[in-house]
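Colleague: Have a look at the structure that comes next, please.
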Amino acid sequence: MVSLVELSAQLGPHLATVGGQGLRPRQLSGVHVSELEDPTPYLEGGELLLTTGMPLIGKRAATSAYVHRLRAKGVHALGIGLGPWLAEVPDYLEEACSKAGIDLLTVPDGVPFQHVSRAFWGLSARSGQADLMGSLGTQTALARAAMRPDATSAVVRGLAQALGGWAAYLPVDSGTETFWPADTKSLVPLLHAETLRLNRTGAHSAATFELHGQPVVEYPIASGDHIHGFLAIGPGRTLTAADRQVIVTVCILLAIKARQREVVSSATAALGSAVAKLILHGQTEAARMLAVDVGLQDLPARVRVLGLRMHPDDDASSLVRAAPLLDHDAGLPALGTALATCLLRHEENGVLYVVLTADEGTPEPDASRVSFEDARESLAGALSDPVSLSEVPGAVPSVRQAVKQAPAGLLVAVSSGQDAQADIWVQALAAYSRADLVATVFQYLRHRGHWENASRDLGIHRNSVRHRIGIAQSLLGVSLDDPDVFAPLWLALRQRPN
């Protein structure tokens with residue numbers, strides 16, 4: 001915009017103040033010419049009003065009312081064109097403008113009002129061009145900042161400095177918030193609360209709200225229908241069109257960086273899943289080699305196997321974010337939010353397995369950022385005791401069975417002994433009094449599920465074998481054809497005294 005001081009300086013003696021008074025630093029909304037006794041219906045406020053003074057000649061009372069109406073409308077300045085109607089400015093007009101706080105100026109005789117208007121619009125054009133160039137310069141600097149290793153921090157800082165206020169980027173996942181200046185940290189909890197609300201409603205447009213009586217604008221950072229995070233801004237001044245263009249540029253840059261991180265994260269997650277799968281299936285050395293080849297951290301010597309109940313449409317990241325809020329058995333370590341960064345995850349047969357470092361201390365979850373709304377209400381889990389990598393396959397069947405039987409909302413403990421769950425199964429079979437389920441299951445497993453061979457060794461009809469196996473599976477809640485079940489159960493039955 002153009003200030004009255006700038007316009008007066010541009011025109012020099014062609015727009016001079018009355019009595020050499022200094023001008024107030026006001027921004028003009030325009031220049032308007034009128035000879036009406038009441039021009040205010042045609043004004044918006046903030047203008048420099050030009051008149052030859054016809055309505056004011058010798059009319060002290062009318063002049064006072066005229067100036068009062070201009071003040072009420074918000075007119076910043078009054079310019080009197082000297083000439084046929086007024087050779088000089090009347091004292092009563094100068095007095096009325098002084099009381100009203102309206103700057104009074106003169107346009108010399110022979111200088112057309114159009115000259116003033118052209119000067120105003122010329123300055124406006126240059127001001128707009130300067131704003132545009134400043135905006136382009138800021139956007140260029142921000143684009144360069146986006147190429148730095150600390151891109152998000154650099155862009156957020158640059159935006160806050162450009163707007164003379166503060167800015168904060170809050171990712172919707174477990175990522176770390178970025179803000180500038182440092183004292184903005186005190187606003188982060190409040191911003192998170194508002195961000196959670198906007199994310200749940202799926203807001204894909206800018207939203208405004210107040211914090212401590214100050215306006216805040218929040219923009220979703222999204223690619224397609226996926227929201228990566230929110231950019232919150234507390235501008236230090238009224239936003240201009242150029243400011244808004246800079247903000248749009250920052251939103252685009254943050255979305256690009258978030259998408260790049262998402263692609264890298266997806267590839268890393270796939271590699272982590274492959275390593276975890278090898279560990280779970282006993283291919284320890286292959287897992288170590290793959291981890292080294294793809295740049296993952298060295299595999300720990302001892303781990304815990306975490307199992308989380310998973311449905312087909314569940315998201316693994318949401319599950320691990322919600323898992324720390326599960327109630328857990330006495331003696332189990334608390335799962336912290338660092339669980340969300342563990343890469344060794346693999347989903348198999350409705351269970352999400354996470355291979356955790358056994359001695360890794362993790363912080364308690366932040367309830368303001370983690371919620372069971374991130375996952376199904378039926379979420380449950382099981383956690384093994386510490387085992388070596390080579391012992392993981394033996395712990396998996398027990399973890400899997402425990403996960404399936406765990407009550408919703410609970411994390412249960414699983415013994416690290418490879419035969420612990422199998423021993424429980426054998427005890428359950430032996431406690432059944434109506435038939436010899438131990439012998440039946442033993443022969444069934446020994447003959448690898450062949451009914452005829454099992455019935456011959458047992459000396460009973462094959463339909464009886466079928467019936468007993470059905471009872472055994474119902475009693476144990478497992479399938480005897482599941483390798484994770486029959487392997488440890490077969491070993492336990494073989495070791496059982498006759």
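So you can find residues: chains in the structure tokens are A, B, ... in the order shown, residues in each start at 1, and ligands are numbered from 1 in order.
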In range 118-315 of chain A, what's strand (DSSP E) per DSSP? Answer as a ChimeraX atom specification?
Modeller: /A:166-171,178-180,207-211,214-223,226-234,302-309
Colleague: Convert the current residue selection to file output with N, CA and C atoms, as a compact mmCIF listing (two decimals), in the first residue's frame.
Modeller:
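This is the output file result-v1.txt:
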```txt
# COMPACT_ATOMS: atom_id res chain seq x y z
N TRP A 166 5.62 -16.45 14.59
CA TRP A 166 6.12 -17.78 14.88
C TRP A 166 5.46 -18.79 13.95
N ALA A 167 6.08 -19.96 13.83
CA ALA A 167 5.52 -21.04 13.00
C ALA A 167 5.91 -22.37 13.63
N ALA A 168 5.06 -23.37 13.41
CA ALA A 168 5.32 -24.71 13.95
C ALA A 168 4.76 -25.74 12.99
N TYR A 169 5.54 -26.80 12.76
CA TYR A 169 5.08 -27.93 11.94
C TYR A 169 4.89 -29.13 12.85
N LEU A 170 3.69 -29.71 12.83
CA LEU A 170 3.37 -30.84 13.69
C LEU A 170 2.95 -32.03 12.84
N PRO A 171 3.80 -33.05 12.73
CA PRO A 171 3.43 -34.24 11.97
C PRO A 171 2.33 -35.02 12.68
N THR A 178 8.45 -29.32 14.78
CA THR A 178 9.47 -28.32 14.47
C THR A 178 8.86 -26.94 14.64
N PHE A 179 9.56 -26.04 15.34
CA PHE A 179 8.98 -24.72 15.59
C PHE A 179 10.08 -23.67 15.67
N TRP A 180 9.67 -22.42 15.50
CA TRP A 180 10.58 -21.27 15.63
C TRP A 180 9.76 -20.04 15.93
N ALA A 207 -7.63 -23.65 8.75
CA ALA A 207 -8.54 -23.39 9.87
C ALA A 207 -7.92 -22.30 10.73
N THR A 208 -8.77 -21.50 11.37
CA THR A 208 -8.30 -20.44 12.25
C THR A 208 -8.88 -20.65 13.64
N PHE A 209 -8.10 -20.31 14.66
CA PHE A 209 -8.54 -20.38 16.04
C PHE A 209 -7.67 -19.45 16.85
N GLU A 210 -7.95 -19.31 18.13
CA GLU A 210 -7.20 -18.40 18.97
C GLU A 210 -6.44 -19.16 20.05
N LEU A 211 -5.23 -18.70 20.34
CA LEU A 211 -4.43 -19.18 21.47
C LEU A 211 -4.00 -17.96 22.28
N GLN A 214 -4.66 -14.62 20.73
CA GLN A 214 -4.01 -14.26 19.48
C GLN A 214 -4.47 -15.20 18.36
N PRO A 215 -4.69 -14.68 17.15
CA PRO A 215 -5.15 -15.55 16.05
C PRO A 215 -4.06 -16.50 15.57
N VAL A 216 -4.46 -17.71 15.26
CA VAL A 216 -3.57 -18.74 14.72
C VAL A 216 -4.22 -19.31 13.46
N VAL A 217 -3.42 -19.47 12.43
CA VAL A 217 -3.91 -20.10 11.19
C VAL A 217 -3.19 -21.44 11.04
N GLU A 218 -3.95 -22.49 10.75
CA GLU A 218 -3.34 -23.82 10.61
C GLU A 218 -3.70 -24.40 9.24
N TYR A 219 -2.67 -24.90 8.57
CA TYR A 219 -2.83 -25.44 7.22
C TYR A 219 -2.47 -26.92 7.22
N PRO A 220 -3.30 -27.76 6.60
CA PRO A 220 -2.92 -29.18 6.47
C PRO A 220 -1.83 -29.36 5.42
N ILE A 221 -0.86 -30.18 5.72
CA ILE A 221 0.19 -30.53 4.76
C ILE A 221 -0.15 -31.91 4.23
N ALA A 222 -0.60 -31.98 2.99
CA ALA A 222 -1.16 -33.22 2.46
C ALA A 222 -0.66 -33.49 1.05
N SER A 223 -0.70 -34.78 0.70
CA SER A 223 -0.50 -35.20 -0.69
C SER A 223 -1.65 -36.15 -1.00
N HIS A 226 -4.00 -37.92 1.83
CA HIS A 226 -3.24 -38.27 3.03
C HIS A 226 -2.64 -37.01 3.66
N ILE A 227 -2.98 -36.75 4.92
CA ILE A 227 -2.44 -35.61 5.65
C ILE A 227 -1.18 -36.05 6.38
N HIS A 228 -0.07 -35.38 6.08
CA HIS A 228 1.20 -35.70 6.73
C HIS A 228 1.37 -34.94 8.03
N GLY A 229 0.81 -33.74 8.10
CA GLY A 229 0.96 -32.93 9.30
C GLY A 229 0.23 -31.61 9.15
N PHE A 230 0.45 -30.71 10.10
CA PHE A 230 -0.20 -29.40 10.07
C PHE A 230 0.84 -28.31 10.31
N LEU A 231 0.70 -27.21 9.57
CA LEU A 231 1.55 -26.04 9.73
C LEU A 231 0.75 -24.97 10.44
N ALA A 232 1.16 -24.63 11.66
CA ALA A 232 0.48 -23.60 12.45
C ALA A 232 1.31 -22.32 12.39
N ILE A 233 0.62 -21.19 12.21
CA ILE A 233 1.29 -19.90 12.06
C ILE A 233 0.65 -18.87 12.96
N GLY A 234 1.47 -18.17 13.72
CA GLY A 234 1.03 -17.01 14.47
C GLY A 234 1.68 -15.78 13.86
N ARG A 302 20.19 -60.08 22.23
CA ARG A 302 19.00 -60.59 22.90
C ARG A 302 17.82 -59.67 22.60
N VAL A 303 16.66 -60.29 22.43
CA VAL A 303 15.48 -59.54 22.03
C VAL A 303 14.25 -60.03 22.79
N ARG A 304 13.22 -59.26 22.69
CA ARG A 304 11.88 -59.69 23.11
C ARG A 304 11.00 -59.73 21.86
N VAL A 305 10.12 -60.69 21.80
CA VAL A 305 9.19 -60.79 20.68
C VAL A 305 7.84 -60.26 21.14
N LEU A 306 7.41 -59.18 20.50
CA LEU A 306 6.10 -58.59 20.78
C LEU A 306 5.13 -59.01 19.69
N GLY A 307 3.98 -59.49 20.08
CA GLY A 307 2.93 -59.82 19.12
C GLY A 307 1.71 -58.95 19.38
N LEU A 308 1.13 -58.39 18.32
CA LEU A 308 -0.07 -57.56 18.43
C LEU A 308 -1.16 -58.12 17.53
N ARG A 309 -2.34 -58.26 18.08
CA ARG A 309 -3.46 -58.78 17.28
C ARG A 309 -3.79 -57.79 16.17
```
Colleague: Identify which of the residues A:Trp85, A:Ala206, A:Ala431, A:His311 lies closest to Arg244 in chain A, counting only C-alpha atoms when measuring atom-to-atom distances.
Modeller: A:Ala206
Colleague: Report the distance between CA of Val75 in chain A and CA of Tyr42 in chain A in Å, rounded to one decimal place.
Modeller: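 Separating CA of Val75 in chain A from CA of Tyr42 in chain A is a distance of 11.5 Å.
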Colleague: If DSSP is run on the backbone, what residues of range 81-280 of chain A are alpha helix (DSSP H)? A reply as an MDAnalysis selection string would be ideal.
Modeller: chainID A and resid 91:100 113:145 151:163 188:201 241:280
Colleague: Using only C-alpha atoms, find the one residue out of A:Ser455, A:Arg462, A:Pro393, A:Ala65 that sits nearest to Pro483 in chain A.
Modeller: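 Of all the options, A:Pro393 lies closest to Pro483 in chain A.
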